[in-house]
2 protein chains.
Amino acid sequence: MEKSIPDIVVGRLPRYLRALEYMLRKGIKTTSSQELGDSIGISAAQIRKDLSQFGEFGKQGTGYSVRFLVDQLQSILHVNQPWDLVLVGVGDLGTALATYQGFVNRGFRIVLAFDNDPAKTGKIIGDVTILGMDDIEVKVAESGAKIAMLTVPASAAQEVAESLIKGGIRAILNYAPMQLSLPADIHVEYIDPITKLQHMTYYLD
Amino acid sequence: MEKSIPDIVVGRLPRYLRALEYMLRKGIKTTSSQELGDSIGISAAQIRKDLSQFGEFGKQGTGYSVRFLVDQLQSILHVNQPWDLVLVGVGDLGTALATYQGFVNRGFRIVLAFDNDPAKTGKIIGDVTILGMDDIEVKVAESGAKIAMLTVPASAAQEVAESLIKGGIRAILNYAPMQLSLPADIHVEYIDPITKLQHMTYYLD
DNA sequence: TCTTTTTTGTGGTTTATTTCACGGAGGATT
DNA sequence: AATCCTCCGTGAAATAAACCACAAAAAAGA
């Protein structure tokens, strides 16, 4: 029986990957846990311990091959394949996300966009046509997408999330400022700038 | 000597506050650690322990007065006063943030917006006129703002952040997909959807 | 009034996470 | 080829976080 990896460790891997991809673009061939740690503010021991959960990727005396470690982390995180995204809610924020090039550059492609405003349906945003919310479950199921981004008002988020799950969505990136109550096997991450700002104001006078 | 509160505890307070403000709008007068915890997926014991770091806010047998606890948490987080924000980078995302009503409703007001694109300067976005990046330090210092939101390309983020700090900014909400290297007394929070998506794809096939 | 129920705040315990520190492998230097 | 230096992987130790369980307070009910 393999031991499961702590979620907090998994959460650091994308940060390692981001820093390593930056090094790759810079042409840096090799790095050490010390150097990588310095660049992202994490201790070298922590990085070595985290990576050792998945295998032995480094070489004593030399460090890590940047390209090799990028490949390994992409594989571990399952981002060595493209992922389809569903976007629900095409307000200002949804529009910004739909046109953001950062997703497609990193292997995430929006394949469906929904909004319940009839004035918006039919319009094209980014690469997709905005659809109405009718039969959203069926449309999502047909697309085969497993990940959704939710940029609807808080009042609608729970209901929409439940529809998405019926359509086969298994992970939700929730921009609505509210906690979703969903089955344990659905993975939810939250992005709420107010929460982050309030965290910081604690430390300000 | 007073013991300092763990940052992880501080980070949960805005979540408690958000749930409690929701209860307040619903007209709920009283709640318990159990009920609050159920609504946001945190154990009752954890909530009681966290709150006890700051005082005794509840009553045995009854629970917590929602209004009182909201007031207390707002005071602890210093959000019982309005905060001025500086926005740097008025692309799609910056525009979405500038027009988002959620900030002002929660006591955060954008008072300055900057962009280095001459085509944008002079235009009005939300309640403010977009300024060029010249003399950004001076303009920020004159505004007195202590918090900035950074929605510039990753390649510009470090340099801009340093300018902001020279202008008196002490907390930065960074939307650029890169780690900032700044003095320890500057508080930085990160919002990067790619990182969150990659965290979730680990758990997907 | 007396008993039962609810629910807090907290000391103590358990579990999780981070850090330490060292053996040893590999490369560089002389 | 001998020595020095770097830096990984990891068991052990230290620290941090979460959870448990209970006395006591308050309200509700009998």
# chains A, B, ... in the order shown; residues from 1 in each chain; ligands from 1
$ closest_atom_pairs --of "chain B" --to "chain D" --cutoff "9 Å" --atoms "only C-alpha atoms (C1' of nucleotides)" --output "Markdown table"
| residue | atom | partner | partner_atom | distance |
| --- | --- | --- | --- | --- |
| B:Ser43 | CA | D:DC19 | C1' | 8.8 |
| B:Ala45 | CA | D:DC19 | C1' | 7.3 |
| B:Gln46 | CA | D:DA18 | C1' | 7.1 |
| B:Lys59 | CA | D:DA26 | C1' | 7.5 |
| B:Gln60 | CA | D:DA25 | C1' | 5.6 |
| B:Gly61 | CA | D:DA26 | C1' | 5.2 |
| B:Thr62 | CA | D:DA26 | C1' | 7.1 |
$ closest_atom_pairs --of "chain B" --to "chain C" --cutoff "12 Å" --atoms "only C-alpha atoms (C1' of nucleotides)" --output "CSV"
residue,atom,partner,partner_atom,distance
B:Thr31,CA,C:DT7,C1',10.4
B:Ser32,CA,C:DT7,C1',7.4
B:Ser33,CA,C:DT7,C1',8.4
B:Gln34,CA,C:DT7,C1',9.0
B:Glu35,CA,C:DT7,C1',11.2
B:Ala44,CA,C:DT7,C1',10.5
B:Ala45,CA,C:DG9,C1',9.8
B:Gln46,CA,C:DG9,C1',11.6
B:Ile47,CA,C:DG9,C1',11.1
B:Arg48,CA,C:DG9,C1',7.3
B:Lys49,CA,C:DG9,C1',7.8
B:Asp50,CA,C:DG9,C1',10.7
B:Leu51,CA,C:DG9,C1',9.6
B:Ser52,CA,C:DG9,C1',6.9
B:Gln53,CA,C:DG9,C1',10.2
B:Phe54,CA,C:DG9,C1',11.8
B:Gly55,CA,C:DG9,C1',9.8
B:Glu56,CA,C:DG9,C1',7.6
B:Phe57,CA,C:DT8,C1',9.2
B:Gly58,CA,C:DT8,C1',6.3
B:Lys59,CA,C:DT8,C1',5.9
B:Gln60,CA,C:DT8,C1',4.3
B:Gly61,CA,C:DT7,C1',4.2
B:Thr62,CA,C:DT7,C1',6.2
B:Gly63,CA,C:DT7,C1',6.1
B:Tyr64,CA,C:DT8,C1',9.2
$ write_last_selection --atoms "C-alpha atoms" --output "CSV table (one decimal), in the first residue's frame"
chain,number,residue,atom,x,y,z
B,31,THR,CA,-24.7,30.8,15.7
B,32,SER,CA,-22.5,28.1,17.2
B,33,SER,CA,-19.0,27.0,16.4
B,34,GLN,CA,-20.6,23.8,15.1
B,35,GLU,CA,-23.0,25.5,12.7
B,44,ALA,CA,-16.0,23.4,15.6
B,45,ALA,CA,-13.0,22.9,17.9
B,46,GLN,CA,-10.7,24.6,15.4
B,47,ILE,CA,-13.0,27.6,15.2
B,48,ARG,CA,-13.2,27.9,19.0
B,49,LYS,CA,-9.5,27.6,19.3
B,50,ASP,CA,-8.8,30.2,16.7
B,51,LEU,CA,-11.2,32.7,18.2
B,52,SER,CA,-9.9,32.1,21.7
B,53,GLN,CA,-6.6,33.5,20.5
B,54,PHE,CA,-8.2,36.9,20.4
B,55,GLY,CA,-10.7,36.9,23.3
B,56,GLU,CA,-13.8,35.3,24.6
B,57,PHE,CA,-16.6,36.1,22.2
B,58,GLY,CA,-19.1,33.4,22.8
B,59,LYS,CA,-21.5,32.4,25.6
B,60,GLN,CA,-21.9,28.9,26.9
B,61,GLY,CA,-25.1,27.2,26.0
B,62,THR,CA,-25.9,29.9,23.5
B,63,GLY,CA,-23.0,30.3,21.1
B,64,TYR,CA,-22.0,33.5,19.4
$ interface_residues --of "chain A" --to "chain B" --cutoff "7 Å" --atoms "only C-alpha atoms" --output "ChimeraX atom specification"
/A:10-11,14-15,40,76-79,92-93,96,103,171,179,187,189,191,194-196,198-202
$ select_by_dssp --residues "stretch 10-118 of chain B" --states "strand (DSSP E or B)" --output "number ranges by chain"
B: 30-31, 59, 63-65, 83-88, 108-114
$ write_last_selection --atoms "all heavy atoms" --output "compact mmCIF listing (two decimals), in the first residue's frame"
# COMPACT_ATOMS: atom_id res chain seq x y z
N THR B 30 -27.84 34.44 15.92
CA THR B 30 -26.92 33.68 16.76
C THR B 30 -26.44 32.44 16.02
O THR B 30 -27.19 31.86 15.25
CB THR B 30 -27.65 33.25 18.06
OG1 THR B 30 -28.05 34.40 18.77
CG2 THR B 30 -26.76 32.40 18.94
N THR B 31 -25.20 32.06 16.28
CA THR B 31 -24.71 30.81 15.69
C THR B 31 -23.80 30.11 16.68
O THR B 31 -23.45 30.68 17.72
CB THR B 31 -23.98 31.05 14.35
OG1 THR B 31 -23.74 29.79 13.70
CG2 THR B 31 -22.65 31.75 14.56
N LYS B 59 -20.83 32.61 24.28
CA LYS B 59 -21.51 32.40 25.55
C LYS B 59 -21.89 30.92 25.63
O LYS B 59 -22.48 30.39 24.68
CB LYS B 59 -22.76 33.30 25.64
CG LYS B 59 -23.29 33.48 27.03
CD LYS B 59 -24.55 34.33 27.01
CE LYS B 59 -24.27 35.82 26.77
NZ LYS B 59 -25.50 36.64 26.92
N GLY B 63 -23.86 30.16 22.26
CA GLY B 63 -23.04 30.30 21.06
C GLY B 63 -22.55 31.73 20.90
O GLY B 63 -22.21 32.40 21.88
N TYR B 64 -22.51 32.19 19.66
CA TYR B 64 -21.99 33.52 19.35
C TYR B 64 -23.08 34.42 18.78
O TYR B 64 -23.86 33.98 17.93
CB TYR B 64 -20.85 33.43 18.34
CG TYR B 64 -19.69 32.57 18.78
CD1 TYR B 64 -19.65 31.21 18.49
CD2 TYR B 64 -18.63 33.13 19.50
CE1 TYR B 64 -18.58 30.42 18.90
CE2 TYR B 64 -17.56 32.35 19.91
CZ TYR B 64 -17.54 30.99 19.61
OH TYR B 64 -16.50 30.22 20.03
N SER B 65 -23.11 35.66 19.20
CA SER B 65 -23.93 36.67 18.52
C SER B 65 -23.26 36.97 17.19
O SER B 65 -22.09 37.35 17.14
CB SER B 65 -24.01 37.95 19.36
OG SER B 65 -24.29 39.06 18.52
N TRP B 83 -10.14 50.99 3.20
CA TRP B 83 -8.76 50.94 2.73
C TRP B 83 -8.68 51.40 1.28
O TRP B 83 -9.52 51.04 0.46
CB TRP B 83 -8.20 49.52 2.83
CG TRP B 83 -7.92 49.07 4.22
CD1 TRP B 83 -8.76 48.38 5.04
CD2 TRP B 83 -6.71 49.29 4.97
NE1 TRP B 83 -8.15 48.15 6.26
CE2 TRP B 83 -6.90 48.69 6.24
CE3 TRP B 83 -5.50 49.92 4.70
CZ2 TRP B 83 -5.92 48.72 7.22
CZ3 TRP B 83 -4.52 49.93 5.68
CH2 TRP B 83 -4.73 49.34 6.93
N ASP B 84 -7.66 52.19 1.00
CA ASP B 84 -7.42 52.63 -0.38
C ASP B 84 -6.51 51.64 -1.08
O ASP B 84 -5.53 51.17 -0.50
CB ASP B 84 -6.77 54.02 -0.39
CG ASP B 84 -7.73 55.11 0.04
OD1 ASP B 84 -8.95 54.83 0.10
OD2 ASP B 84 -7.27 56.23 0.33
N LEU B 85 -6.84 51.36 -2.34
CA LEU B 85 -6.04 50.44 -3.14
C LEU B 85 -5.45 51.15 -4.35
O LEU B 85 -6.08 52.04 -4.92
CB LEU B 85 -6.90 49.28 -3.67
CG LEU B 85 -7.65 48.40 -2.69
CD1 LEU B 85 -8.44 47.34 -3.45
CD2 LEU B 85 -6.69 47.76 -1.71
N VAL B 86 -4.26 50.70 -4.73
CA VAL B 86 -3.66 51.13 -5.99
C VAL B 86 -3.69 49.95 -6.93
O VAL B 86 -3.35 48.83 -6.53
CB VAL B 86 -2.20 51.58 -5.75
CG1 VAL B 86 -1.48 51.80 -7.08
CG2 VAL B 86 -2.16 52.85 -4.91
N LEU B 87 -4.09 50.19 -8.17
CA LEU B 87 -4.11 49.13 -9.17
C LEU B 87 -3.05 49.43 -10.22
O LEU B 87 -3.04 50.53 -10.79
CB LEU B 87 -5.50 49.09 -9.84
CG LEU B 87 -5.69 48.10 -10.99
CD1 LEU B 87 -5.61 46.67 -10.50
CD2 LEU B 87 -7.02 48.36 -11.69
N VAL B 88 -2.19 48.48 -10.47
CA VAL B 88 -1.16 48.68 -11.51
C VAL B 88 -1.33 47.61 -12.58
O VAL B 88 -1.21 46.42 -12.30
CB VAL B 88 0.26 48.61 -10.92
CG1 VAL B 88 1.27 49.05 -11.98
CG2 VAL B 88 0.37 49.48 -9.67
N PHE B 108 -12.96 48.28 0.33
CA PHE B 108 -11.72 48.50 -0.41
C PHE B 108 -12.03 49.35 -1.64
O PHE B 108 -12.87 48.98 -2.45
CB PHE B 108 -11.09 47.17 -0.83
CG PHE B 108 -10.59 46.35 0.33
CD1 PHE B 108 -11.38 45.34 0.88
CD2 PHE B 108 -9.35 46.58 0.89
CE1 PHE B 108 -10.94 44.59 1.96
CE2 PHE B 108 -8.89 45.83 1.97
CZ PHE B 108 -9.69 44.84 2.51
N ARG B 109 -11.34 50.48 -1.75
CA ARG B 109 -11.63 51.43 -2.80
C ARG B 109 -10.39 51.68 -3.64
O ARG B 109 -9.33 52.03 -3.10
CB ARG B 109 -12.09 52.75 -2.15
CG ARG B 109 -12.63 53.79 -3.11
CD ARG B 109 -13.21 54.95 -2.32
NE ARG B 109 -12.20 55.59 -1.48
CZ ARG B 109 -11.78 56.84 -1.64
NH1 ARG B 109 -12.29 57.60 -2.59
NH2 ARG B 109 -10.88 57.37 -0.83
N ILE B 110 -10.50 51.49 -4.94
CA ILE B 110 -9.37 51.78 -5.82
C ILE B 110 -9.28 53.29 -6.02
O ILE B 110 -10.24 53.92 -6.46
CB ILE B 110 -9.54 51.06 -7.17
CG1 ILE B 110 -9.48 49.54 -6.95
CG2 ILE B 110 -8.45 51.50 -8.15
CD1 ILE B 110 -9.75 48.72 -8.19
N VAL B 111 -8.13 53.85 -5.65
CA VAL B 111 -7.97 55.31 -5.73
C VAL B 111 -6.98 55.74 -6.81
O VAL B 111 -6.90 56.92 -7.14
CB VAL B 111 -7.50 55.91 -4.38
CG1 VAL B 111 -8.58 55.71 -3.32
CG2 VAL B 111 -6.17 55.31 -3.94
N LEU B 112 -6.22 54.77 -7.32
CA LEU B 112 -5.26 55.08 -8.38
C LEU B 112 -5.15 53.87 -9.30
O LEU B 112 -5.14 52.73 -8.82
CB LEU B 112 -3.87 55.35 -7.79
CG LEU B 112 -3.55 56.71 -7.19
CD1 LEU B 112 -2.13 56.67 -6.61
CD2 LEU B 112 -3.67 57.82 -8.22
N ALA B 113 -5.05 54.13 -10.59
CA ALA B 113 -4.80 53.05 -11.55
C ALA B 113 -3.71 53.48 -12.51
O ALA B 113 -3.72 54.62 -12.99
CB ALA B 113 -6.09 52.71 -12.31
N PHE B 114 -2.78 52.57 -12.75
CA PHE B 114 -1.64 52.87 -13.63
C PHE B 114 -1.56 51.86 -14.76
O PHE B 114 -1.88 50.68 -14.59
CB PHE B 114 -0.32 52.80 -12.84
CG PHE B 114 -0.19 53.83 -11.77
CD1 PHE B 114 -0.57 53.54 -10.46
CD2 PHE B 114 0.32 55.09 -12.06
CE1 PHE B 114 -0.44 54.49 -9.46
CE2 PHE B 114 0.46 56.05 -11.06
CZ PHE B 114 0.08 55.75 -9.76
$ atom_distance --atom1 "atom CA of A:Ile28" --atom2 "atom CA of B:Gln158"
19.7 Å
$ select_by_dssp --residues "stretch 94-155 of chain B" --states "alpha helix (DSSP H)" --output "PyMOL selection string"
chain B and resi 94-99+101-105+136-143+154-155
$ atom_distance --atom1 "atom CA of A:Gly167" --atom2 "atom CA of A:Lys139"
7.6 Å
$ atom_distance --atom1 "atom CA of B:Leu20" --atom2 "atom CA of B:Val66"
6.2 Å
$ decode --residues "stretch 7-20 of chain D" --atoms "N, CA, C and O atoms (P, O5', C5', C4', C3', O3' and C1' of nucleotides)" --output "PDB file, in the first residue's frame"
ATOM      1  P    DC D   7      26.174  23.208  -4.997  1.00  0.00           P
ATOM      2  O5'  DC D   7      25.320  21.931  -4.636  1.00  0.00           O
ATOM      3  C5'  DC D   7      25.304  20.816  -5.523  1.00  0.00           C
ATOM      4  C4'  DC D   7      24.572  19.689  -4.832  1.00  0.00           C
ATOM      5  C3'  DC D   7      23.328  20.129  -4.051  1.00  0.00           C
ATOM      6  O3'  DC D   7      22.300  19.228  -4.340  1.00  0.00           O
ATOM      7  C1'  DC D   7      24.679  18.795  -2.721  1.00  0.00           C
ATOM      8  P    DC D   8      20.758  19.535  -4.119  1.00  0.00           P
ATOM      9  O5'  DC D   8      20.167  18.063  -4.180  1.00  0.00           O
ATOM     10  C5'  DC D   8      20.570  17.220  -5.240  1.00  0.00           C
ATOM     11  C4'  DC D   8      20.692  15.788  -4.746  1.00  0.00           C
ATOM     12  C3'  DC D   8      19.428  15.253  -4.096  1.00  0.00           C
ATOM     13  O3'  DC D   8      19.020  14.066  -4.756  1.00  0.00           O
ATOM     14  C1'  DC D   8      21.323  14.956  -2.641  1.00  0.00           C
ATOM     15  P    DG D   9      17.499  13.556  -4.649  1.00  0.00           P
ATOM     16  O5'  DG D   9      17.587  12.643  -3.348  1.00  0.00           O
ATOM     17  C5'  DG D   9      18.318  11.425  -3.406  1.00  0.00           C
ATOM     18  C4'  DG D   9      18.270  10.745  -2.045  1.00  0.00           C
ATOM     19  C3'  DG D   9      16.864  10.563  -1.479  1.00  0.00           C
ATOM     20  O3'  DG D   9      16.836   9.254  -0.916  1.00  0.00           O
ATOM     21  C1'  DG D   9      18.193  11.768   0.077  1.00  0.00           C
ATOM     22  P    DT D  10      15.577   8.671  -0.177  1.00  0.00           P
ATOM     23  O5'  DT D  10      15.919   8.919   1.356  1.00  0.00           O
ATOM     24  C5'  DT D  10      17.053   8.296   1.937  1.00  0.00           C
ATOM     25  C4'  DT D  10      17.075   8.635   3.417  1.00  0.00           C
ATOM     26  C3'  DT D  10      15.704   8.565   4.088  1.00  0.00           C
ATOM     27  O3'  DT D  10      15.849   7.908   5.334  1.00  0.00           O
ATOM     28  C1'  DT D  10      16.707  10.626   4.533  1.00  0.00           C
ATOM     29  P    DG D  11      14.797   6.767   5.725  1.00  0.00           P
ATOM     30  O5'  DG D  11      15.205   6.528   7.253  1.00  0.00           O
ATOM     31  C5'  DG D  11      16.546   6.223   7.607  1.00  0.00           C
ATOM     32  C4'  DG D  11      16.895   6.949   8.889  1.00  0.00           C
ATOM     33  C3'  DG D  11      15.847   6.801   9.990  1.00  0.00           C
ATOM     34  O3'  DG D  11      16.540   6.612  11.231  1.00  0.00           O
ATOM     35  C1'  DG D  11      16.151   9.102   9.481  1.00  0.00           C
ATOM     36  P    DA D  12      15.756   6.452  12.582  1.00  0.00           P
ATOM     37  O5'  DA D  12      15.995   7.871  13.253  1.00  0.00           O
ATOM     38  C5'  DA D  12      17.301   8.446  13.246  1.00  0.00           C
ATOM     39  C4'  DA D  12      17.253   9.781  13.963  1.00  0.00           C
ATOM     40  C3'  DA D  12      16.323   9.823  15.179  1.00  0.00           C
ATOM     41  O3'  DA D  12      16.993  10.537  16.217  1.00  0.00           O
ATOM     42  C1'  DA D  12      15.672  11.480  13.629  1.00  0.00           C
ATOM     43  P    DA D  13      16.223  10.924  17.547  1.00  0.00           P
ATOM     44  O5'  DA D  13      15.918  12.478  17.352  1.00  0.00           O
ATOM     45  C5'  DA D  13      16.982  13.355  17.010  1.00  0.00           C
ATOM     46  C4'  DA D  13      16.458  14.768  16.998  1.00  0.00           C
ATOM     47  C3'  DA D  13      15.625  15.167  18.211  1.00  0.00           C
ATOM     48  O3'  DA D  13      16.117  16.411  18.677  1.00  0.00           O
ATOM     49  C1'  DA D  13      14.372  15.531  16.217  1.00  0.00           C
ATOM     50  P    DA D  14      15.346  17.258  19.779  1.00  0.00           P
ATOM     51  O5'  DA D  14      14.490  18.265  18.887  1.00  0.00           O
ATOM     52  C5'  DA D  14      15.156  19.106  17.968  1.00  0.00           C
ATOM     53  C4'  DA D  14      14.134  20.010  17.319  1.00  0.00           C
ATOM     54  C3'  DA D  14      13.263  20.787  18.307  1.00  0.00           C
ATOM     55  O3'  DA D  14      13.240  22.128  17.847  1.00  0.00           O
ATOM     56  C1'  DA D  14      11.887  19.604  16.787  1.00  0.00           C
ATOM     57  P    DT D  15      12.553  23.265  18.754  1.00  0.00           P
ATOM     58  O5'  DT D  15      11.237  23.542  17.891  1.00  0.00           O
ATOM     59  C5'  DT D  15      11.374  23.786  16.490  1.00  0.00           C
ATOM     60  C4'  DT D  15      10.013  23.724  15.859  1.00  0.00           C
ATOM     61  C3'  DT D  15       8.947  24.561  16.569  1.00  0.00           C
ATOM     62  O3'  DT D  15       8.581  25.544  15.626  1.00  0.00           O
ATOM     63  C1'  DT D  15       8.108  22.431  15.937  1.00  0.00           C
ATOM     64  P    DA D  16       7.397  26.599  15.951  1.00  0.00           P
ATOM     65  O5'  DA D  16       6.150  25.898  15.256  1.00  0.00           O
ATOM     66  C5'  DA D  16       6.265  25.424  13.923  1.00  0.00           C
ATOM     67  C4'  DA D  16       4.943  24.855  13.490  1.00  0.00           C
ATOM     68  C3'  DA D  16       3.735  25.677  13.908  1.00  0.00           C
ATOM     69  O3'  DA D  16       2.969  25.838  12.732  1.00  0.00           O
ATOM     70  C1'  DA D  16       3.454  23.421  14.608  1.00  0.00           C
ATOM     71  P    DA D  17       1.628  26.678  12.715  1.00  0.00           P
ATOM     72  O5'  DA D  17       0.547  25.523  12.732  1.00  0.00           O
ATOM     73  C5'  DA D  17       0.613  24.508  11.735  1.00  0.00           C
ATOM     74  C4'  DA D  17      -0.448  23.465  12.001  1.00  0.00           C
ATOM     75  C3'  DA D  17      -1.830  24.048  12.283  1.00  0.00           C
ATOM     76  O3'  DA D  17      -2.687  23.512  11.302  1.00  0.00           O
ATOM     77  C1'  DA D  17      -1.229  22.407  13.928  1.00  0.00           C
ATOM     78  P    DA D  18      -4.238  23.742  11.310  1.00  0.00           P
ATOM     79  O5'  DA D  18      -4.747  22.443  12.073  1.00  0.00           O
ATOM     80  C5'  DA D  18      -4.449  21.166  11.543  1.00  0.00           C
ATOM     81  C4'  DA D  18      -5.047  20.100  12.442  1.00  0.00           C
ATOM     82  C3'  DA D  18      -6.550  20.282  12.713  1.00  0.00           C
ATOM     83  O3'  DA D  18      -7.164  19.050  12.363  1.00  0.00           O
ATOM     84  C1'  DA D  18      -5.352  19.955  14.757  1.00  0.00           C
ATOM     85  P    DC D  19      -8.732  18.818  12.506  1.00  0.00           P
ATOM     86  O5'  DC D  19      -8.821  18.028  13.887  1.00  0.00           O
ATOM     87  C5'  DC D  19      -8.020  16.857  14.058  1.00  0.00           C
ATOM     88  C4'  DC D  19      -8.179  16.379  15.486  1.00  0.00           C
ATOM     89  C3'  DC D  19      -9.637  16.299  15.943  1.00  0.00           C
ATOM     90  O3'  DC D  19      -9.874  14.951  16.315  1.00  0.00           O
ATOM     91  C1'  DC D  19      -8.252  17.378  17.572  1.00  0.00           C
ATOM     92  P    DC D  20     -11.315  14.461  16.769  1.00  0.00           P
ATOM     93  O5'  DC D  20     -11.118  14.248  18.336  1.00  0.00           O
ATOM     94  C5'  DC D  20      -9.894  13.712  18.803  1.00  0.00           C
ATOM     95  C4'  DC D  20      -9.850  13.777  20.323  1.00  0.00           C
ATOM     96  C3'  DC D  20     -11.208  13.518  20.990  1.00  0.00           C
ATOM     97  O3'  DC D  20     -10.968  12.610  22.047  1.00  0.00           O
ATOM     98  C1'  DC D  20     -10.269  15.555  21.773  1.00  0.00           C
TER      99       DC D  20
END
